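Source file: my_file_8.pdb (PDB, C-alpha atoms)
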```pdb
MODEL        1
ATOM      1  CA  MET A   1      75.447  95.201  92.597  1.00  0.00           C
ATOM      2  CA  LYS A   2      78.836  95.148  94.278  1.00  0.00           C
ATOM      3  CA  HIS A   3      81.797  95.183  91.937  1.00  0.00           C
ATOM      4  CA  THR A   4      84.746  93.016  92.992  1.00  0.00           C
ATOM      5  CA  TYR A   5      87.368  93.797  90.348  1.00  0.00           C
ATOM      6  CA  ALA A   6      90.552  94.920  92.134  1.00  0.00           C
ATOM      7  CA  LEU A   7      92.134  98.150  90.936  1.00  0.00           C
ATOM      8  CA  GLU A   8      95.808  99.094  91.293  1.00  0.00           C
ATOM      9  CA  LEU A   9      97.361 102.320  92.509  1.00  0.00           C
ATOM     10  CA  ASP A  10      98.603 104.262  89.501  1.00  0.00           C
ATOM     11  CA  HIS A  11      99.751 107.614  90.852  1.00  0.00           C
ATOM     12  CA  LEU A  12      99.379 110.347  93.456  1.00  0.00           C
ATOM     13  CA  VAL A  13      98.487 113.894  92.410  1.00  0.00           C
ATOM     14  CA  VAL A  14     100.142 116.944  93.949  1.00  0.00           C
ATOM     15  CA  ALA A  15      98.641 120.198  92.662  1.00  0.00           C
ATOM     16  CA  ALA A  16     100.494 123.499  92.685  1.00  0.00           C
ATOM     17  CA  ARG A  17     100.166 127.029  91.350  1.00  0.00           C
ATOM     18  CA  THR A  18     103.299 126.451  89.287  1.00  0.00           C
ATOM     19  CA  LEU A  19     105.472 123.442  88.527  1.00  0.00           C
ATOM     20  CA  GLU A  20     108.405 125.200  90.151  1.00  0.00           C
ATOM     21  CA  GLU A  21     106.525 125.564  93.432  1.00  0.00           C
ATOM     22  CA  GLY A  22     105.367 121.968  93.273  1.00  0.00           C
ATOM     23  CA  ALA A  23     108.833 120.597  92.514  1.00  0.00           C
ATOM     24  CA  ARG A  24     110.356 122.582  95.375  1.00  0.00           C
ATOM     25  CA  PHE A  25     107.668 121.269  97.754  1.00  0.00           C
ATOM     26  CA  ILE A  26     108.412 117.667  96.783  1.00  0.00           C
ATOM     27  CA  ALA A  27     112.180 118.144  96.994  1.00  0.00           C
ATOM     28  CA  GLU A  28     111.902 119.698 100.456  1.00  0.00           C
ATOM     29  CA  THR A  29     109.475 117.050 101.718  1.00  0.00           C
ATOM     30  CA  LEU A  30     110.879 113.877 100.145  1.00  0.00           C
ATOM     31  CA  GLY A  31     114.448 114.847  99.302  1.00  0.00           C
ATOM     32  CA  VAL A  32     114.155 114.119  95.570  1.00  0.00           C
ATOM     33  CA  GLU A  33     113.429 116.525  92.714  1.00  0.00           C
ATOM     34  CA  PRO A  34     110.712 115.481  90.228  1.00  0.00           C
ATOM     35  CA  VAL A  35     111.805 115.170  86.606  1.00  0.00           C
ATOM     36  CA  ALA A  36     110.237 116.835  83.584  1.00  0.00           C
ATOM     37  CA  GLY A  37     106.974 115.338  82.364  1.00  0.00           C
ATOM     38  CA  GLY A  38     105.164 117.177  79.607  1.00  0.00           C
ATOM     39  CA  LYS A  39     102.054 119.035  78.504  1.00  0.00           C
ATOM     40  CA  HIS A  40      98.430 117.904  78.417  1.00  0.00           C
ATOM     41  CA  VAL A  41      97.292 120.006  75.476  1.00  0.00           C
ATOM     42  CA  ALA A  42      93.619 119.081  75.783  1.00  0.00           C
ATOM     43  CA  MET A  43      93.582 120.212  79.412  1.00  0.00           C
ATOM     44  CA  GLY A  44      95.934 123.186  79.388  1.00  0.00           C
ATOM     45  CA  THR A  45      98.079 121.630  82.101  1.00  0.00           C
ATOM     46  CA  HIS A  46     101.623 120.326  82.450  1.00  0.00           C
ATOM     47  CA  ASN A  47     103.434 118.131  84.945  1.00  0.00           C
ATOM     48  CA  ARG A  48     106.559 116.758  86.541  1.00  0.00           C
ATOM     49  CA  LEU A  49     106.973 113.176  87.712  1.00  0.00           C
ATOM     50  CA  LEU A  50     108.642 111.197  90.477  1.00  0.00           C
ATOM     51  CA  GLY A  51     108.933 107.427  90.458  1.00  0.00           C
ATOM     52  CA  LEU A  52     107.775 105.324  93.400  1.00  0.00           C
ATOM     53  CA  TRP A  53     108.631 101.695  94.068  1.00  0.00           C
ATOM     54  CA  GLY A  54     106.236  99.061  92.747  1.00  0.00           C
ATOM     55  CA  GLY A  55     105.117 100.583  89.462  1.00  0.00           C
ATOM     56  CA  ALA A  56     103.501 103.758  90.787  1.00  0.00           C
ATOM     57  CA  TYR A  57     104.560 107.395  90.614  1.00  0.00           C
ATOM     58  CA  LEU A  58     103.832 110.873  91.892  1.00  0.00           C
ATOM     59  CA  GLU A  59     102.623 113.631  89.577  1.00  0.00           C
ATOM     60  CA  VAL A  60     103.061 117.339  90.219  1.00  0.00           C
ATOM     61  CA  ILE A  61     100.482 119.144  88.082  1.00  0.00           C
ATOM     62  CA  ALA A  62      99.781 122.813  87.428  1.00  0.00           C
ATOM     63  CA  ILE A  63      97.995 125.037  84.940  1.00  0.00           C
ATOM     64  CA  ASP A  64     100.223 125.574  81.907  1.00  0.00           C
ATOM     65  CA  PRO A  65     100.740 129.360  81.591  1.00  0.00           C
ATOM     66  CA  ASP A  66     101.582 128.937  77.894  1.00  0.00           C
ATOM     67  CA  ALA A  67      98.230 127.326  77.070  1.00  0.00           C
ATOM     68  CA  GLU A  68      95.869 130.295  77.262  1.00  0.00           C
ATOM     69  CA  PRO A  69      97.854 132.953  75.323  1.00  0.00           C
ATOM     70  CA  GLU A  70      97.593 130.749  72.243  1.00  0.00           C
ATOM     71  CA  ARG A  71      93.840 131.306  72.327  1.00  0.00           C
ATOM     72  CA  ALA A  72      93.883 135.028  73.022  1.00  0.00           C
ATOM     73  CA  GLY A  73      92.226 136.957  70.200  1.00  0.00           C
ATOM     74  CA  ASN A  74      91.226 133.775  68.394  1.00  0.00           C
ATOM     75  CA  GLU A  75      87.446 133.991  68.476  1.00  0.00           C
ATOM     76  CA  SER A  76      87.097 130.844  66.361  1.00  0.00           C
ATOM     77  CA  ALA A  77      88.879 128.699  68.946  1.00  0.00           C
ATOM     78  CA  PRO A  78      86.436 126.487  70.837  1.00  0.00           C
ATOM     79  CA  PRO A  79      86.156 127.214  74.563  1.00  0.00           C
ATOM     80  CA  ARG A  80      88.469 125.060  76.617  1.00  0.00           C
ATOM     81  CA  ARG A  81      86.680 122.524  78.737  1.00  0.00           C
ATOM     82  CA  PRO A  82      87.243 122.827  82.501  1.00  0.00           C
ATOM     83  CA  ARG A  83      90.592 121.440  83.572  1.00  0.00           C
ATOM     84  CA  LEU A  84      90.710 118.155  85.443  1.00  0.00           C
ATOM     85  CA  PHE A  85      91.391 117.675  89.169  1.00  0.00           C
ATOM     86  CA  ALA A  86      89.366 120.815  90.060  1.00  0.00           C
ATOM     87  CA  LEU A  87      92.231 123.058  88.913  1.00  0.00           C
ATOM     88  CA  ASP A  88      89.860 125.756  87.649  1.00  0.00           C
ATOM     89  CA  GLU A  89      87.768 125.914  90.810  1.00  0.00           C
ATOM     90  CA  PRO A  90      88.145 129.012  93.035  1.00  0.00           C
ATOM     91  CA  ALA A  91      88.340 126.825  96.141  1.00  0.00           C
ATOM     92  CA  MET A  92      91.336 125.011  94.666  1.00  0.00           C
ATOM     93  CA  HIS A  93      93.006 128.305  93.738  1.00  0.00           C
ATOM     94  CA  ALA A  94      92.571 129.485  97.329  1.00  0.00           C
ATOM     95  CA  ARG A  95      93.967 126.230  98.660  1.00  0.00           C
ATOM     96  CA  LEU A  96      97.050 126.388  96.452  1.00  0.00           C
ATOM     97  CA  GLU A  97      97.722 129.975  97.537  1.00  0.00           C
ATOM     98  CA  ARG A  98      98.737 128.365 100.828  1.00  0.00           C
ATOM     99  CA  GLY A  99     101.149 126.054  99.025  1.00  0.00           C
ATOM    100  CA  PRO A 100     101.222 122.835  96.967  1.00  0.00           C
ATOM    101  CA  ALA A 101      99.211 119.928  98.321  1.00  0.00           C
ATOM    102  CA  LEU A 102      98.416 116.271  97.813  1.00  0.00           C
ATOM    103  CA  THR A 103      94.915 116.680  96.426  1.00  0.00           C
ATOM    104  CA  HIS A 104      93.998 113.452  94.644  1.00  0.00           C
ATOM    105  CA  TRP A 105      94.972 109.961  93.503  1.00  0.00           C
ATOM    106  CA  VAL A 106      94.469 107.820  90.420  1.00  0.00           C
ATOM    107  CA  ALA A 107      93.667 104.098  90.289  1.00  0.00           C
ATOM    108  CA  ARG A 108      94.596 101.897  87.335  1.00  0.00           C
ATOM    109  CA  VAL A 109      92.172  99.645  85.510  1.00  0.00           C
ATOM    110  CA  ALA A 110      94.230  96.772  84.138  1.00  0.00           C
ATOM    111  CA  ARG A 111      93.242  94.701  81.151  1.00  0.00           C
ATOM    112  CA  PRO A 112      91.300  92.616  80.247  1.00  0.00           C
ATOM    113  CA  LYS A 113      88.878  94.990  81.971  1.00  0.00           C
ATOM    114  CA  ASP A 114      87.986  97.793  79.551  1.00  0.00           C
ATOM    115  CA  LEU A 115      87.469 101.200  81.189  1.00  0.00           C
ATOM    116  CA  GLY A 116      85.248 102.606  78.453  1.00  0.00           C
ATOM    117  CA  ARG A 117      82.926  99.625  78.468  1.00  0.00           C
ATOM    118  CA  TRP A 118      82.782  99.606  82.279  1.00  0.00           C
ATOM    119  CA  GLN A 119      81.864 103.302  82.366  1.00  0.00           C
ATOM    120  CA  ALA A 120      79.143 102.787  79.761  1.00  0.00           C
ATOM    121  CA  GLN A 121      77.608 100.118  81.994  1.00  0.00           C
ATOM    122  CA  TYR A 122      77.628 102.318  85.113  1.00  0.00           C
ATOM    123  CA  PRO A 123      77.478 106.004  84.060  1.00  0.00           C
ATOM    124  CA  ALA A 124      75.973 107.012  87.408  1.00  0.00           C
ATOM    125  CA  ARG A 125      79.033 105.692  89.239  1.00  0.00           C
ATOM    126  CA  ILE A 126      81.889 106.387  86.816  1.00  0.00           C
ATOM    127  CA  PRO A 127      82.479 109.758  85.063  1.00  0.00           C
ATOM    128  CA  ASP A 128      82.901 110.035  81.304  1.00  0.00           C
ATOM    129  CA  VAL A 129      86.103 108.619  79.823  1.00  0.00           C
ATOM    130  CA  MET A 130      88.384 111.035  77.979  1.00  0.00           C
ATOM    131  CA  PRO A 131      91.279 110.029  75.680  1.00  0.00           C
ATOM    132  CA  MET A 132      94.557 111.706  76.645  1.00  0.00           C
ATOM    133  CA  ALA A 133      98.067 111.858  75.229  1.00  0.00           C
ATOM    134  CA  ARG A 134     101.506 113.177  76.161  1.00  0.00           C
ATOM    135  CA  GLY A 135     104.326 112.483  73.748  1.00  0.00           C
ATOM    136  CA  GLU A 136     104.298 108.780  72.921  1.00  0.00           C
ATOM    137  CA  LEU A 137     102.011 107.940  75.845  1.00  0.00           C
ATOM    138  CA  THR A 138      98.267 107.490  75.354  1.00  0.00           C
ATOM    139  CA  TRP A 139      95.678 106.670  77.963  1.00  0.00           C
ATOM    140  CA  ARG A 140      92.036 107.050  78.927  1.00  0.00           C
ATOM    141  CA  LEU A 141      90.944 108.899  82.037  1.00  0.00           C
ATOM    142  CA  THR A 142      87.639 109.445  83.822  1.00  0.00           C
ATOM    143  CA  VAL A 143      86.983 113.204  83.915  1.00  0.00           C
ATOM    144  CA  PRO A 144      83.696 114.773  85.066  1.00  0.00           C
ATOM    145  CA  ALA A 145      82.415 117.295  82.513  1.00  0.00           C
ATOM    146  CA  ASP A 146      82.818 120.172  84.961  1.00  0.00           C
ATOM    147  CA  GLY A 147      86.419 119.247  85.805  1.00  0.00           C
ATOM    148  CA  SER A 148      85.597 118.467  89.435  1.00  0.00           C
ATOM    149  CA  PHE A 149      86.892 115.517  91.408  1.00  0.00           C
ATOM    150  CA  PRO A 150      85.029 112.226  90.963  1.00  0.00           C
ATOM    151  CA  ALA A 151      82.328 111.838  93.589  1.00  0.00           C
ATOM    152  CA  TRP A 152      79.697 109.470  94.897  1.00  0.00           C
ATOM    153  CA  GLN A 153      76.319 110.929  95.840  1.00  0.00           C
ATOM    154  CA  GLY A 154      77.820 114.396  95.988  1.00  0.00           C
ATOM    155  CA  ALA A 155      80.850 113.485  98.105  1.00  0.00           C
ATOM    156  CA  GLY A 156      84.379 113.209  96.766  1.00  0.00           C
ATOM    157  CA  ASP A 157      86.865 115.908  97.777  1.00  0.00           C
ATOM    158  CA  GLY A 158      89.708 114.117  95.976  1.00  0.00           C
ATOM    159  CA  ILE A 159      89.215 110.882  97.911  1.00  0.00           C
ATOM    160  CA  VAL A 160      87.227 109.007  95.260  1.00  0.00           C
ATOM    161  CA  PRO A 161      89.944 108.152  92.706  1.00  0.00           C
ATOM    162  CA  THR A 162      90.081 109.078  89.077  1.00  0.00           C
ATOM    163  CA  LEU A 163      90.310 105.905  86.974  1.00  0.00           C
ATOM    164  CA  ILE A 164      92.929 105.417  84.269  1.00  0.00           C
ATOM    165  CA  GLN A 165      93.692 102.818  81.628  1.00  0.00           C
ATOM    166  CA  TRP A 166      96.931 102.985  79.690  1.00  0.00           C
ATOM    167  CA  ASP A 167      96.742 102.194  75.985  1.00  0.00           C
ATOM    168  CA  THR A 168     100.509 102.061  75.483  1.00  0.00           C
ATOM    169  CA  ALA A 169     102.452  99.042  76.666  1.00  0.00           C
ATOM    170  CA  ALA A 170     105.025 100.934  78.732  1.00  0.00           C
ATOM    171  CA  HIS A 171     103.855 102.529  81.969  1.00  0.00           C
ATOM    172  CA  PRO A 172     105.373 105.962  82.773  1.00  0.00           C
ATOM    173  CA  SER A 173     106.902 104.634  85.990  1.00  0.00           C
ATOM    174  CA  ALA A 174     109.161 102.334  83.942  1.00  0.00           C
ATOM    175  CA  ARG A 175     110.800 105.385  82.350  1.00  0.00           C
ATOM    176  CA  LEU A 176     111.452 107.296  85.557  1.00  0.00           C
ATOM    177  CA  PRO A 177     114.742 107.317  87.517  1.00  0.00           C
ATOM    178  CA  GLN A 178     114.943 105.108  90.592  1.00  0.00           C
ATOM    179  CA  THR A 179     114.394 107.247  93.691  1.00  0.00           C
ATOM    180  CA  GLY A 180     114.427 104.881  96.657  1.00  0.00           C
ATOM    181  CA  LEU A 181     110.940 106.144  97.548  1.00  0.00           C
ATOM    182  CA  ALA A 182     107.917 103.937  98.215  1.00  0.00           C
ATOM    183  CA  LEU A 183     104.357 104.625  99.228  1.00  0.00           C
ATOM    184  CA  LYS A 184     103.814 103.154 102.684  1.00  0.00           C
ATOM    185  CA  THR A 185     100.182 104.132 103.264  1.00  0.00           C
ATOM    186  CA  LEU A 186      97.564 106.306 101.580  1.00  0.00           C
ATOM    187  CA  LYS A 187      95.142 107.695 104.162  1.00  0.00           C
ATOM    188  CA  ALA A 188      92.048 109.871 104.096  1.00  0.00           C
ATOM    189  CA  ARG A 189      89.479 111.419 106.407  1.00  0.00           C
ATOM    190  CA  HIS A 190      85.977 112.380 105.342  1.00  0.00           C
ATOM    191  CA  PRO A 191      82.739 113.259 107.161  1.00  0.00           C
ATOM    192  CA  ARG A 192      80.886 110.747 104.950  1.00  0.00           C
ATOM    193  CA  ALA A 193      83.509 108.035 105.197  1.00  0.00           C
ATOM    194  CA  ASP A 194      81.049 105.136 105.391  1.00  0.00           C
ATOM    195  CA  GLU A 195      79.337 106.120 102.132  1.00  0.00           C
ATOM    196  CA  LEU A 196      82.625 106.653 100.331  1.00  0.00           C
ATOM    197  CA  ARG A 197      84.011 103.368 101.645  1.00  0.00           C
ATOM    198  CA  THR A 198      81.016 101.526 100.200  1.00  0.00           C
ATOM    199  CA  HIS A 199      81.662 103.134  96.819  1.00  0.00           C
ATOM    200  CA  LEU A 200      85.388 102.372  96.987  1.00  0.00           C
ATOM    201  CA  GLU A 201      84.552  98.745  97.718  1.00  0.00           C
ATOM    202  CA  TRP A 202      82.279  98.683  94.681  1.00  0.00           C
ATOM    203  CA  LEU A 203      85.059 100.135  92.517  1.00  0.00           C
ATOM    204  CA  GLY A 204      87.552  97.590  93.853  1.00  0.00           C
ATOM    205  CA  ALA A 205      89.766 100.319  95.334  1.00  0.00           C
ATOM    206  CA  ALA A 206      89.046 100.135  99.071  1.00  0.00           C
ATOM    207  CA  HIS A 207      92.207  98.095  99.709  1.00  0.00           C
ATOM    208  CA  LEU A 208      94.352 100.942  98.379  1.00  0.00           C
ATOM    209  CA  ILE A 209      93.428 103.592 100.959  1.00  0.00           C
ATOM    210  CA  GLU A 210      92.773 103.783 104.705  1.00  0.00           C
ATOM    211  CA  LEU A 211      89.606 105.848 105.157  1.00  0.00           C
ATOM    212  CA  GLU A 212      88.196 107.088 108.448  1.00  0.00           C
ATOM    213  CA  GLY A 213      85.597 109.589 109.602  1.00  0.00           C
ATOM    214  CA  ALA A 214      86.326 113.274 110.141  1.00  0.00           C
ATOM    215  CA  ALA A 215      84.875 114.590 113.395  1.00  0.00           C
ATOM    216  CA  ASP A 216      85.714 118.160 112.377  1.00  0.00           C
ATOM    217  CA  GLY A 217      83.832 117.778 109.084  1.00  0.00           C
ATOM    218  CA  GLN A 218      86.949 118.446 107.015  1.00  0.00           C
ATOM    219  CA  ALA A 219      88.111 116.062 104.288  1.00  0.00           C
ATOM    220  CA  ALA A 220      91.841 115.329 104.092  1.00  0.00           C
ATOM    221  CA  LEU A 221      94.194 113.152 102.050  1.00  0.00           C
ATOM    222  CA  MET A 222      97.651 112.059 103.226  1.00  0.00           C
ATOM    223  CA  ALA A 223     100.391 109.786 101.921  1.00  0.00           C
ATOM    224  CA  GLU A 224     103.145 108.289 104.047  1.00  0.00           C
ATOM    225  CA  ILE A 225     106.241 107.878 101.882  1.00  0.00           C
ATOM    226  CA  GLU A 226     109.228 105.760 102.839  1.00  0.00           C
ATOM    227  CA  THR A 227     112.487 107.553 101.978  1.00  0.00           C
ATOM    228  CA  PRO A 228     116.152 106.769 102.660  1.00  0.00           C
ATOM    229  CA  ASN A 229     115.875 109.280 105.537  1.00  0.00           C
ATOM    230  CA  GLY A 230     112.734 107.840 107.111  1.00  0.00           C
ATOM    231  CA  VAL A 231     108.994 108.141 106.570  1.00  0.00           C
ATOM    232  CA  ARG A 232     107.750 111.496 105.315  1.00  0.00           C
ATOM    233  CA  THR A 233     104.115 112.618 105.012  1.00  0.00           C
ATOM    234  CA  LEU A 234     102.602 114.392 102.028  1.00  0.00           C
ATOM    235  CA  ALA A 235      99.355 116.248 102.654  1.00  0.00           C
TER     236      ALA A 235
ENDMDL
END
```
Kindly present the structure from the file in structure tokens form.
Amino acid sequence: MKHTYALELDHLVVAARTLEEGARFIAETLGVEPVAGGKHVAMGTHNRLLGLWGGAYLEVIAIDPDAEPERAGNESAPPRRPRLFALDEPAMHARLERGPALTHWVARVARPKDLGRWQAQYPARIPDVMPMARGELTWRLTVPADGSFPAWQGAGDGIVPTLIQWDTAAHPSARLPQTGLALKTLKARHPRADELRTHLEWLGAAHLIELEGAADGQAALMAEIETPNGVRTLA
């Protein structure tokens, strides 16, 4: 059954080996430095944020180097679950050795739609929902158990969005400084574009991204950002 509920763009995800590398990449590409975000204790990650026009934002995320030492020598501590956005995967580590990159995006499920109830109805299509918190902010996020990107029939590569629902009234973008930046177009290439497009249409997210085939077999995600100095591309 095709789902017709329209999702909204919540944020773009730029992964980096360190927040410092990620912030420098954004500043050099877009001309604006991301501001401090916070820690995701349950995931062992931390971030910096950059506001975009229209109630969206950009997140720079990296493994928090202070997270693991707290567990060293503590045999009673439960094993940490795999980090989200494929941050623990060797292929991602190799990719980030070449520099920070736009690796993923997140789509917002607005009320009255309930993300948890929706996932329970379609567990084959939507990964498990995990409660998250950072400071005063609380939200729910779809996170595959192995920490990989969401996928449809084995294909994802960061192009199928993670879904989010905010439980606090204020959205993070409302707290961020005005930057003069706006997302112009989110684009992707994938060798199984037709299959992914069908899934995106079912999710209600196809209108948020331009998806085309990849003749070279390589998946790619790109965002064209309007800045005071012209359009810049994140990839």
Expand the PyMOL selection byres ((chain A and resi 139) around 8) into the explicit residue set it covers here, and present it as a PDB file with C-alpha atoms, in the frame of the given file.
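Full text of out-v6.pdb as output:
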```pdb
ATOM      1  CA  PRO A 131      91.279 110.029  75.680  1.00  0.00           C
ATOM      2  CA  MET A 132      94.557 111.706  76.645  1.00  0.00           C
ATOM      3  CA  ALA A 133      98.067 111.858  75.229  1.00  0.00           C
ATOM      4  CA  LEU A 137     102.011 107.940  75.845  1.00  0.00           C
ATOM      5  CA  THR A 138      98.267 107.490  75.354  1.00  0.00           C
ATOM      6  CA  ARG A 140      92.036 107.050  78.927  1.00  0.00           C
ATOM      7  CA  LEU A 141      90.944 108.899  82.037  1.00  0.00           C
ATOM      8  CA  ILE A 164      92.929 105.417  84.269  1.00  0.00           C
ATOM      9  CA  GLN A 165      93.692 102.818  81.628  1.00  0.00           C
ATOM     10  CA  TRP A 166      96.931 102.985  79.690  1.00  0.00           C
ATOM     11  CA  ASP A 167      96.742 102.194  75.985  1.00  0.00           C
ATOM     12  CA  THR A 168     100.509 102.061  75.483  1.00  0.00           C
TER      13      THR A 168
END
```
Problem set entry | Point-to-point distance in Å for atom CA of Thr162 of chain A and atom CA of Pro82 of chain A | 15.5 Å
Problem set entry | Residues matched by the PyMOL selection byres ((chain A and resi 35) around 9) as a PyMOL selection string | chain A and resi 23+33-34+36-37+48-50+176-177
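Here the question is which of A:Val32, A:Leu96, A:Ile225, A:Val41 gets nearest to Arg80 of chain A using all atoms listed in the file, and that residue is A:Val41.
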Exercise. Using all atoms listed in the file, which residues sit within 12 Å of Phe25 of chain A once same-chain residues fewer than 3 positions away are excluded, as a ChimeraX atom specification?
Worked result: /A:14-22,28-34,60,96,98-102,233-235
Exercise. Leaving out Asp64 of chain A and any residue of its chain fewer than 3 positions from it, which residues lie within 12 Å of it when counting all atoms listed in the file, given as a ChimeraX atom specification?
Worked result: /A:16-20,38-48,61,67-70,83,87-88
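Between atom CA of Trp152 of chain A and atom CA of Ala206 of chain A the separation is 13.9 Å.
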For this session: Could you pull out every residue with an atom within 10 Å of (83.2, 117.7, 86.5), file coordinates, counting all atoms listed in the file, and send them as number ranges by chain?
Result: A: 81-86, 127-128, 142-151
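Of note, atom CA of Arg117 of chain A and atom CA of Met130 of chain A are spaced 12.7 Å apart.
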Run the PyMOL selection byres ((chain A and resi 54) around 10) on the file and write out the hits as a compact mmCIF listing (two decimals) with C-alpha atoms, in the coordinates of the input.
```
# COMPACT_ATOMS: atom_id res chain seq x y z
CA LEU A 9 97.36 102.32 92.51
CA ASP A 10 98.60 104.26 89.50
CA GLY A 51 108.93 107.43 90.46
CA LEU A 52 107.78 105.32 93.40
CA TRP A 53 108.63 101.70 94.07
CA GLY A 55 105.12 100.58 89.46
CA ALA A 56 103.50 103.76 90.79
CA TYR A 57 104.56 107.40 90.61
CA SER A 173 106.90 104.63 85.99
CA ALA A 174 109.16 102.33 83.94
CA LEU A 181 110.94 106.14 97.55
CA ALA A 182 107.92 103.94 98.22
CA LEU A 183 104.36 104.62 99.23
```
For this session: Please provide the set of residues having any atom within 8 Å of segment 209-214 of chain A, restricted to all atoms listed in the file, with same-chain residues fewer than 6 positions apart removed, written as a PyMOL selection string.
Result: chain A and resi 185-194+197
Using only C-alpha atoms - which residues lie no farther than 6 Å from the point (98.8, 108.4, 96.9) in the file's frame? Write them as a compact mmCIF listing (two decimals) with C-alpha atoms, keeping the file's coordinate frame.
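Saved as out-v5.txt:
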```
# COMPACT_ATOMS: atom_id res chain seq x y z
CA LEU A 12 99.38 110.35 93.46
CA TRP A 105 94.97 109.96 93.50
CA LEU A 186 97.56 106.31 101.58
CA ALA A 223 100.39 109.79 101.92
```
